[in-house]
Amino acid sequence: MKKEKSFSNSNTGYVEIEEIVENGASYNWLHKTIAKEQIIFSGNSQENVELNGIGNLTLKQLNNETLLCLQTNTDVEDKRPRPFSTVVLRLEEKDYSSYNRIAMWVYPKSIGFQNFYFHFSLVNKDGGGTFHAPSLTPNTWNWVSWELEDTPRHALTRLSMGPLLMGCPPEGKPEIEVYFKNISMQTVKADYVEGWELQNRIAYSHSGYLSKAKKQAITGEIRAKEFSLINEKQEEVFAKKIENIQSDLGKFYVMDFSEYCKPGMVALKVDQRITPYFMIGKNAYDSSVYKTLQFYYQLRCGCDIKGVHSPCHLNSYTTHPDGRMVPNHGGWHDAGDVSQFEICTAEMAQALLEMAEQTKEKDQNLYLSLVEEARWGMNWLLRTRFGDGYRALSVLYSIWRPNVLREKNALNNYTDARFNNQAENGPFENFLAASSEAVAARVYASVDDVFADWCKRSAIEDFDFAVEGQKQGLYTRRWGPSPSAQVYGAGCAAAAELYQLTKNEVYLQIGAQYAKIVLACQQKNYPNWDKPMRGFFYEDEKHEKLLTYEHRGHEQTPVQGLVRLLETAPFHDDAKYWKKGIKLYGEYILHTADLIAPYGLIPAHIYELEKINMNRFTIPASYGTVEDAKLNFERQIATGIPLGEGVFLRRLPIAIQRRGYHATLLSKTKAITYAARVLKNKNLMQIALNQIEWIMGKNPFACSSMYGEGYHYHPLYVAFSRQFVGALPVGFKTLDDHDAPYWPTINNAVFKEVWGHTSGKYIWVLADLMSYFR
């Protein structure tokens, strides 16, 4: 049995986790029955092959085979467009419509590399094609494939393939060779990749179910009238009738075993289908939490991470407008591109700290792991602030480099942002920093009083910078103006954390002032719609733009601010208004909770075309005009659930480029758990848990989306690294104008890109859920 070993941090008490390859989608794809196959390139000639870019093509021996070999050098400057080495196989406009998969074997030969990030593209004459960007392991044969079911292929012109030249790490040698063989077109039973149908798949939470929570699995095809649970001794321990449900998504069969609460491993059996074993108990999500912690650890920048990278990015700096500089290394890489962002780091660290507070008395090992990992992020936040509101904000690396400056004045001569990033002063960013620093001061007070005091002093200063910056109308060039509901919500939360920490009434006064603005952004009355609802937020007090997110999610901030004020100052004169706003948001969630039955997924956002803030969407320069984008959004919006004239509730967000929605979903889910905990509302907590189950397997693809947890998880877009056990991607995306999840077999950014922001939101939500349902 082949296994991939992931590496743990022995100093934190992380468990060593071995990810069994057989549980993942790649294993299933490799072992699909091939109904028909045609070899289109054997690899032992240079016929119909050419090279674009740098390097050399030749025939060369590898393990007693003479094969096509690409020889190139990865030591390139990080210019745009970046230098490339691409092998092009001419396909002569042949018709491959009867095939639905392309597959091949690729061998990258190198010294000192952990991973290679490859680009593959298949192009059709009349437009259309696919782009696939997997990560390949050096010095072994890698099987590469992707399915073509929704790709035009009646006149294929070329297949392009080659490694992205991503620099050379200090431990590596830049010269590499890449061998190709047995490129074939195949016909297989294609994966289900878009929509709400389940067919005969069983959708359930692969991590398991919390004992005190609702427990359901669903399927689309069934013959039996009952299902059962069996234990590890193959004994039936529970049986119950199956429920039929008809919704606007189709017909489904629900298997509800909520009353079965005995801790242990069970499998669900229906007809002749049996799921893998899953856990029932208060510790059902512990495995995913430890794996997420391992993912955090492997995202660390600037230190040696076994199996990932040597100390990296030691020659990257952020420069203040007055010329001062701070080193950027440390903290966590943001995603596959190994960059780093203050906003994500602040929330990721706070998520760990809040879970640490929840677990301190229940699981000392987990508590110690959480506070140690959080400190890595907190140190970066503290070390990259300049003490006047400016801080490292958006750090771009995107390349491996030797940790050597080429001359003594190199930094002054660098204009490339990947070496010399510019510090900025943003109120939202400083509010987030102040909030996480205040929570850190509270958590570390019993662990390290010196570090806790540093966090406290920084929180006080950063909050003041944020308040002053907001008065001045500051915002960062990198992110632009932020919605009032978001900024003032973050301000409320930071004020509440500082009030709890210091008992200084000034923070409460500022928080109460900000809360009035947050509440003014909320829809309090029922609109004149056919299906009216209230409790949602606008960006602004005038209700000109609806609060929506396409990629990075912060929907929790207005609710977080109100909740934290209510928790820290329940006897304040305005507390009744804060609670009313929280109740209204809870009403909005409860009103929409059953609209995507039986999955339990919460719809994304309410949209009205003229109330979309076009400035907050990523629209590529090559796309067209703003009006072109608005027409696209109009089509997407219209596929949602109609609420009134021109008003729709989309199940999934609208977007053009940045599609992938786990982070937007989890930010909304965090808002729900915040509301649930002060309202003591079990229904809201269950709704929040439903979103976690969606991510972990109770979805139309019946797959876990956390790599290494559960089953049928896809390889993720990791770019500069090997696959990370515990990583969550940006998330399921949509196709064209459709309002349905789309999860194809191709690997590409941004939807399959690993993202610390998603994992941070996952931990943040579980901090509340695991505490409540224990």
# chains A, B, ... in the order shown; residues from 1 in each chain; ligands from 1
$ residues_around --residues "range 708-717 of chain A" --least-positions-apart "2" --cutoff "7 Å" --atoms "only C-alpha atoms" --output "PyMOL selection string"
chain A and resi 19+23-26+134+206-207+288+336+703-706+719+723+725-726+729+747-749+752-754
$ select_by_dssp --residues "range 385-531 of chain A" --states "helix (DSSP H, G or I)" --output "JSON, numbers by chain"
{"A": [410, 411, 412, 413, 427, 428, 429, 430, 431, 432, 433, 434, 435, 436, 437, 438, 439, 440, 441, 442, 443, 444, 449, 450, 451, 452, 453, 454, 455, 456, 457, 458, 459, 460, 461, 462, 463, 464, 465, 466, 467, 468, 469, 470, 471, 484, 485, 486, 487, 488, 489, 490, 491, 492, 493, 494, 495, 496, 497, 498, 499, 500, 501, 502, 505, 506, 507, 508, 509, 510, 511, 512, 513, 514, 515, 516, 517, 518, 519, 520]}
$ residues_around --residues "range 376-392 of chain A" --least-positions-apart "6" --cutoff "9 Å" --atoms "only C-alpha atoms" --output "NGL selection string"
:A and (297 or 300 or 317-321 or 324-332 or 341-342 or 345-346 or 348-350 or 421-427 or 429-430 or 433 or 436-437 or 440 or 454-455 or 458 or 461-462 or 464-466 or 469)
$ write_last_selection --atoms "C-alpha atoms" --output "short mmCIF file (atom, residue, chain, number, x, y, z; two decimals), in the first residue's frame"
data_model
loop_
_atom_site.label_atom_id
_atom_site.label_comp_id
_atom_site.auth_asym_id
_atom_site.auth_seq_id
_atom_site.Cartn_x
_atom_site.Cartn_y
_atom_site.Cartn_z
CA TYR A 297 2.89 24.67 10.32
CA ARG A 300 5.43 28.82 7.89
CA TYR A 317 11.72 43.49 3.06
CA THR A 318 8.90 45.99 3.51
CA THR A 319 9.83 49.66 3.31
CA HIS A 320 8.15 52.54 5.14
CA PRO A 321 7.69 55.81 3.20
CA ARG A 324 12.77 52.34 7.43
CA MET A 325 12.61 48.64 6.64
CA VAL A 326 11.47 45.42 8.27
CA PRO A 327 12.21 41.86 7.09
CA ASN A 328 9.16 40.08 5.72
CA HIS A 329 10.01 36.48 6.49
CA GLY A 330 8.12 34.71 9.24
CA GLY A 331 4.41 34.24 9.64
CA TRP A 332 2.54 31.99 7.23
CA PHE A 341 -1.12 39.15 3.75
CA GLU A 342 -1.63 40.88 7.07
CA THR A 345 -2.54 36.42 9.24
CA ALA A 346 -4.42 38.47 11.84
CA MET A 348 -5.79 33.11 11.28
CA ALA A 349 -3.92 33.84 14.51
CA GLN A 350 -7.06 35.01 16.31
CA ASN A 421 7.28 45.77 -0.57
CA GLN A 422 5.71 49.06 0.45
CA ALA A 423 4.24 49.54 3.93
CA GLU A 424 0.74 50.99 4.18
CA ASN A 425 -1.55 52.37 6.88
CA GLY A 426 -5.09 51.01 6.76
CA PRO A 427 -7.81 51.28 9.46
CA GLU A 429 -5.95 46.19 8.80
CA ASN A 430 -5.04 47.89 12.09
CA ALA A 433 -4.27 43.53 14.19
CA SER A 436 -5.82 39.65 17.48
CA GLU A 437 -3.15 41.33 19.62
CA ALA A 440 -3.18 37.24 22.31
CA TRP A 454 4.13 43.31 23.97
CA CYS A 455 0.83 42.17 22.45
CA SER A 458 0.75 46.89 20.34
CA GLU A 461 -1.35 51.51 19.70
CA ASP A 462 -2.77 49.80 16.61
CA ASP A 464 -5.50 54.18 18.10
CA PHE A 465 -3.93 54.22 14.64
CA ALA A 466 -7.03 52.56 13.21
CA GLY A 469 -7.01 56.51 10.17
#
$ residues_around --residues "Lys579 in chain A" --least-positions-apart "5" --cutoff "8 Å" --atoms "only C-alpha atoms" --output "VMD selection string"
chain A and resid 562 to 563 566
$ write_last_selection --atoms "all heavy atoms" --output "compact mmCIF listing (two decimals), in the first residue's frame"
# COMPACT_ATOMS: atom_id res chain seq x y z
N LEU A 562 -20.92 43.36 17.15
CA LEU A 562 -22.09 43.46 18.03
C LEU A 562 -22.04 42.41 19.14
O LEU A 562 -22.34 42.69 20.30
CB LEU A 562 -23.37 43.31 17.21
CG LEU A 562 -23.64 44.39 16.15
CD1 LEU A 562 -24.87 44.03 15.34
CD2 LEU A 562 -23.78 45.76 16.79
N VAL A 563 -21.67 41.19 18.78
CA VAL A 563 -21.63 40.10 19.76
C VAL A 563 -20.57 40.34 20.83
O VAL A 563 -20.81 40.19 22.02
CB VAL A 563 -21.38 38.75 19.05
CG1 VAL A 563 -21.03 37.66 20.05
CG2 VAL A 563 -22.61 38.34 18.25
N LEU A 566 -21.71 42.95 23.22
CA LEU A 566 -22.75 42.43 24.10
C LEU A 566 -22.16 41.49 25.15
O LEU A 566 -22.58 41.50 26.32
CB LEU A 566 -23.82 41.71 23.27
CG LEU A 566 -25.06 41.21 24.03
CD1 LEU A 566 -25.79 42.37 24.69
CD2 LEU A 566 -25.99 40.47 23.09
$ closest_atom_pairs --of "range 176-254 of chain A" --to "range 659-683 of chain A" --cutoff "12 Å" --atoms "only C-alpha atoms" --output "tab-separated table"
residue	atom	partner	partner_atom	distance
A:Lys212	CA	A:Lys682	CA	10.4
A:Ala213	CA	A:Lys682	CA	9.1
A:Lys214	CA	A:Asn683	CA	10.0
$ write_last_selection --atoms "N, CA and C atoms" --output "short mmCIF file (atom, residue, chain, number, x, y, z; two decimals), in the first residue's frame"
data_model
loop_
_atom_site.label_atom_id
_atom_site.label_comp_id
_atom_site.auth_asym_id
_atom_site.auth_seq_id
_atom_site.Cartn_x
_atom_site.Cartn_y
_atom_site.Cartn_z
N LYS A 212 -24.05 15.25 20.14
CA LYS A 212 -25.24 16.01 20.52
C LYS A 212 -25.87 16.76 19.36
N ALA A 213 -25.35 16.60 18.15
CA ALA A 213 -25.84 17.32 16.98
C ALA A 213 -26.71 16.43 16.12
N LYS A 214 -27.36 17.05 15.14
CA LYS A 214 -28.14 16.31 14.16
C LYS A 214 -27.18 15.50 13.28
#
$ select_by_dssp --residues "range 235-329 of chain A" --states "strand (DSSP E or B)" --output "MDAnalysis selection string"
chainID A and resid 236:241 243:247 250:256 264:270 273:274 278:280 300 305 309 317:319 325:327
$ write_last_selection --atoms "N, CA and C atoms" --output "mmCIF file, in the first residue's frame"
data_model
loop_
_atom_site.group_PDB
_atom_site.id
_atom_site.type_symbol
_atom_site.label_atom_id
_atom_site.label_comp_id
_atom_site.auth_asym_id
_atom_site.auth_seq_id
_atom_site.Cartn_x
_atom_site.Cartn_y
_atom_site.Cartn_z
ATOM 1 N N GLU A 236 -24.869 -4.760 13.327
ATOM 2 C CA GLU A 236 -25.833 -3.679 13.146
ATOM 3 C C GLU A 236 -26.165 -3.074 14.505
ATOM 4 N N VAL A 237 -25.996 -1.754 14.626
ATOM 5 C CA VAL A 237 -26.234 -1.088 15.914
ATOM 6 C C VAL A 237 -27.390 -0.105 15.849
ATOM 7 N N PHE A 238 -27.904 0.136 14.620
ATOM 8 C CA PHE A 238 -28.998 1.094 14.482
ATOM 9 C C PHE A 238 -29.633 0.875 13.117
ATOM 10 N N ALA A 239 -30.964 1.023 13.052
ATOM 11 C CA ALA A 239 -31.680 0.934 11.782
ATOM 12 C C ALA A 239 -32.873 1.878 11.819
ATOM 13 N N LYS A 240 -33.227 2.400 10.665
ATOM 14 C CA LYS A 240 -34.325 3.370 10.629
ATOM 15 C C LYS A 240 -34.843 3.494 9.206
ATOM 16 N N LYS A 241 -36.098 3.932 9.080
ATOM 17 C CA LYS A 241 -36.688 4.150 7.764
ATOM 18 C C LYS A 241 -36.047 5.356 7.074
ATOM 19 N N GLU A 243 -36.227 8.618 4.641
ATOM 20 C CA GLU A 243 -37.187 9.674 4.312
ATOM 21 C C GLU A 243 -36.991 10.121 2.862
ATOM 22 N N ASN A 244 -38.105 10.385 2.169
ATOM 23 C CA ASN A 244 -38.059 10.943 0.816
ATOM 24 C C ASN A 244 -38.249 12.454 0.900
ATOM 25 N N ILE A 245 -37.433 13.194 0.166
ATOM 26 C CA ILE A 245 -37.559 14.652 0.145
ATOM 27 C C ILE A 245 -37.522 15.127 -1.288
ATOM 28 N N GLN A 246 -38.476 15.981 -1.635
ATOM 29 C CA GLN A 246 -38.514 16.607 -2.953
ATOM 30 C C GLN A 246 -38.302 18.104 -2.759
ATOM 31 N N SER A 247 -37.268 18.643 -3.391
ATOM 32 C CA SER A 247 -37.025 20.084 -3.322
ATOM 33 C C SER A 247 -36.832 20.602 -4.734
ATOM 34 N N GLY A 250 -34.288 18.698 -6.697
ATOM 35 C CA GLY A 250 -34.518 17.332 -7.146
ATOM 36 C C GLY A 250 -35.076 16.461 -6.041
ATOM 37 N N LYS A 251 -35.037 15.159 -6.288
ATOM 38 C CA LYS A 251 -35.526 14.184 -5.319
ATOM 39 C C LYS A 251 -34.351 13.559 -4.589
ATOM 40 N N PHE A 252 -34.490 13.465 -3.265
ATOM 41 C CA PHE A 252 -33.405 12.940 -2.442
ATOM 42 C C PHE A 252 -33.964 11.987 -1.389
ATOM 43 N N TYR A 253 -33.059 11.187 -0.847
ATOM 44 C CA TYR A 253 -33.395 10.264 0.224
ATOM 45 C C TYR A 253 -32.498 10.606 1.419
ATOM 46 N N VAL A 254 -33.141 10.857 2.549
ATOM 47 C CA VAL A 254 -32.422 11.309 3.742
ATOM 48 C C VAL A 254 -32.389 10.192 4.768
ATOM 49 N N MET A 255 -31.207 9.927 5.273
ATOM 50 C CA MET A 255 -31.012 8.917 6.318
ATOM 51 C C MET A 255 -30.612 9.645 7.601
ATOM 52 N N ASP A 256 -31.557 9.730 8.522
ATOM 53 C CA ASP A 256 -31.378 10.517 9.746
ATOM 54 C C ASP A 256 -31.125 9.568 10.916
ATOM 55 N N GLY A 264 -18.082 6.249 18.985
ATOM 56 C CA GLY A 264 -17.375 5.157 18.328
ATOM 57 C C GLY A 264 -17.404 5.287 16.821
ATOM 58 N N MET A 265 -16.798 4.325 16.155
ATOM 59 C CA MET A 265 -16.721 4.307 14.698
ATOM 60 C C MET A 265 -17.862 3.458 14.140
ATOM 61 N N VAL A 266 -18.552 4.022 13.150
ATOM 62 C CA VAL A 266 -19.630 3.292 12.489
ATOM 63 C C VAL A 266 -19.558 3.550 10.991
ATOM 64 N N ALA A 267 -20.215 2.693 10.237
ATOM 65 C CA ALA A 267 -20.394 2.895 8.803
ATOM 66 C C ALA A 267 -21.872 2.854 8.503
ATOM 67 N N LEU A 268 -22.279 3.530 7.455
ATOM 68 C CA LEU A 268 -23.690 3.551 7.060
ATOM 69 C C LEU A 268 -23.887 2.575 5.907
ATOM 70 N N LYS A 269 -24.925 1.757 6.020
ATOM 71 C CA LYS A 269 -25.200 0.742 5.006
ATOM 72 C C LYS A 269 -26.605 0.936 4.460
ATOM 73 N N VAL A 270 -26.718 0.964 3.138
ATOM 74 C CA VAL A 270 -28.021 1.031 2.496
ATOM 75 C C VAL A 270 -27.919 0.298 1.166
ATOM 76 N N ARG A 273 -24.590 -0.700 -0.626
ATOM 77 C CA ARG A 273 -23.559 0.331 -0.455
ATOM 78 C C ARG A 273 -23.223 0.497 1.019
ATOM 79 N N ILE A 274 -21.943 0.606 1.292
ATOM 80 C CA ILE A 274 -21.465 0.836 2.656
ATOM 81 C C ILE A 274 -20.430 1.953 2.616
ATOM 82 N N PHE A 278 -16.822 6.211 9.978
ATOM 83 C CA PHE A 278 -16.689 7.582 10.450
ATOM 84 C C PHE A 278 -16.998 7.611 11.949
ATOM 85 N N MET A 279 -16.596 8.675 12.600
ATOM 86 C CA MET A 279 -16.710 8.757 14.049
ATOM 87 C C MET A 279 -17.991 9.458 14.489
ATOM 88 N N ILE A 280 -18.580 8.945 15.531
ATOM 89 C CA ILE A 280 -19.623 9.660 16.263
ATOM 90 C C ILE A 280 -19.071 9.924 17.655
ATOM 91 N N ARG A 300 4.469 27.907 7.272
ATOM 92 C CA ARG A 300 5.428 28.823 7.892
ATOM 93 C C ARG A 300 6.481 29.293 6.890
ATOM 94 N N ILE A 305 11.230 23.817 6.966
ATOM 95 C CA ILE A 305 10.062 22.954 7.084
ATOM 96 C C ILE A 305 10.366 21.683 6.305
ATOM 97 N N HIS A 309 10.333 23.257 2.463
ATOM 98 C CA HIS A 309 11.345 24.201 2.010
ATOM 99 C C HIS A 309 12.362 24.433 3.120
ATOM 100 N N TYR A 317 11.951 42.445 2.078
ATOM 101 C CA TYR A 317 11.725 43.494 3.063
ATOM 102 C C TYR A 317 10.507 44.334 2.695
ATOM 103 N N THR A 318 9.924 44.971 3.712
ATOM 104 C CA THR A 318 8.901 45.992 3.509
ATOM 105 C C THR A 318 9.481 47.334 3.922
ATOM 106 N N THR A 319 9.243 48.341 3.096
ATOM 107 C CA THR A 319 9.828 49.659 3.311
ATOM 108 C C THR A 319 8.752 50.685 3.658
ATOM 109 N N MET A 325 12.913 49.929 7.233
ATOM 110 C CA MET A 325 12.615 48.639 6.636
ATOM 111 C C MET A 325 12.439 47.571 7.707
ATOM 112 N N VAL A 326 11.595 46.608 7.427
ATOM 113 C CA VAL A 326 11.468 45.421 8.274
ATOM 114 C C VAL A 326 11.564 44.188 7.386
ATOM 115 N N PRO A 327 12.167 43.102 7.881
ATOM 116 C CA PRO A 327 12.211 41.862 7.090
ATOM 117 C C PRO A 327 10.833 41.218 7.048
#
$ atom_distance --atom1 "CA of Pro163 in chain A" --atom2 "CA of Gln71 in chain A"
10.8 Å
$ residues_around --residues "range 36-43 of chain A" --least-positions-apart "4" --cutoff "7 Å" --atoms "only C-alpha atoms" --output "PyMOL selection string"
chain A and resi 67-68+180-187
$ closest_residue --among "A:Pro532, A:Pro152, A:Gly172, A:Gly220" --to "Ala702 in chain A" --atoms "only C-alpha atoms"
A:Gly220
$ closest_residue --among "A:Leu136, A:Leu229, A:Lys125, A:Lys215" --to "Glu259 in chain A" --atoms "only C-alpha atoms"
A:Lys215
$ residues_around --residues "Gln486 in chain A" --least-positions-apart "3" --cutoff "7 Å" --atoms "only C-alpha atoms" --output "count of residues only"
7
$ closest_residue --among "A:Glu77, A:Asp737, A:Asp540, A:Asp574" --to "Ile612 in chain A" --atoms "only C-alpha atoms"
A:Asp540
$ residues_around --residues "Gly760 in chain A" --least-positions-apart "3" --cutoff "8 Å" --atoms "only C-alpha atoms" --output "compact mmCIF listing (two decimals) with N, CA and C atoms, in the first residue's frame"
# COMPACT_ATOMS: atom_id res chain seq x y z
N GLU A 347 -6.44 37.28 11.20
CA GLU A 347 -7.62 36.45 11.47
C GLU A 347 -7.23 35.01 11.76
N MET A 348 -6.24 34.49 11.03
CA MET A 348 -5.79 33.11 11.28
C MET A 348 -5.25 32.94 12.69
N ALA A 349 -4.47 33.92 13.16
CA ALA A 349 -3.92 33.84 14.51
C ALA A 349 -5.03 33.94 15.55
N ALA A 351 -8.11 33.10 15.23
CA ALA A 351 -8.88 31.86 15.22
C ALA A 351 -8.22 30.81 16.10
N LEU A 352 -6.90 30.65 15.97
CA LEU A 352 -6.19 29.69 16.81
C LEU A 352 -6.31 30.04 18.28
N GLY A 756 -4.63 29.67 3.50
CA GLY A 756 -4.66 29.79 4.95
C GLY A 756 -5.90 30.50 5.44
N HIS A 757 -6.42 31.43 4.65
CA HIS A 757 -7.63 32.17 5.03
C HIS A 757 -8.81 31.22 5.23
N ILE A 763 -11.10 26.81 11.46
CA ILE A 763 -10.75 26.69 12.88
C ILE A 763 -11.60 27.62 13.72
N TRP A 764 -11.83 28.82 13.22
CA TRP A 764 -12.59 29.84 13.97
C TRP A 764 -14.02 29.36 14.20
$ closest_residue --among "A:Asn124, A:Thr625, A:Gln500, A:Asn613" --to "Lys94 in chain A" --atoms "only C-alpha atoms"
A:Asn124
$ atom_distance --atom1 "CA of Pro700 in chain A" --atom2 "CA of Arg201 in chain A"
8.1 Å
$ atom_distance --atom1 "CA of Val338 in chain A" --atom2 "CA of Phe720 in chain A"
7.1 Å
$ closest_residue --among "A:Tyr526, A:Lys471, A:Ala133, A:Ile589" --to "Phe751 in chain A" --atoms "only C-alpha atoms"
A:Ala133
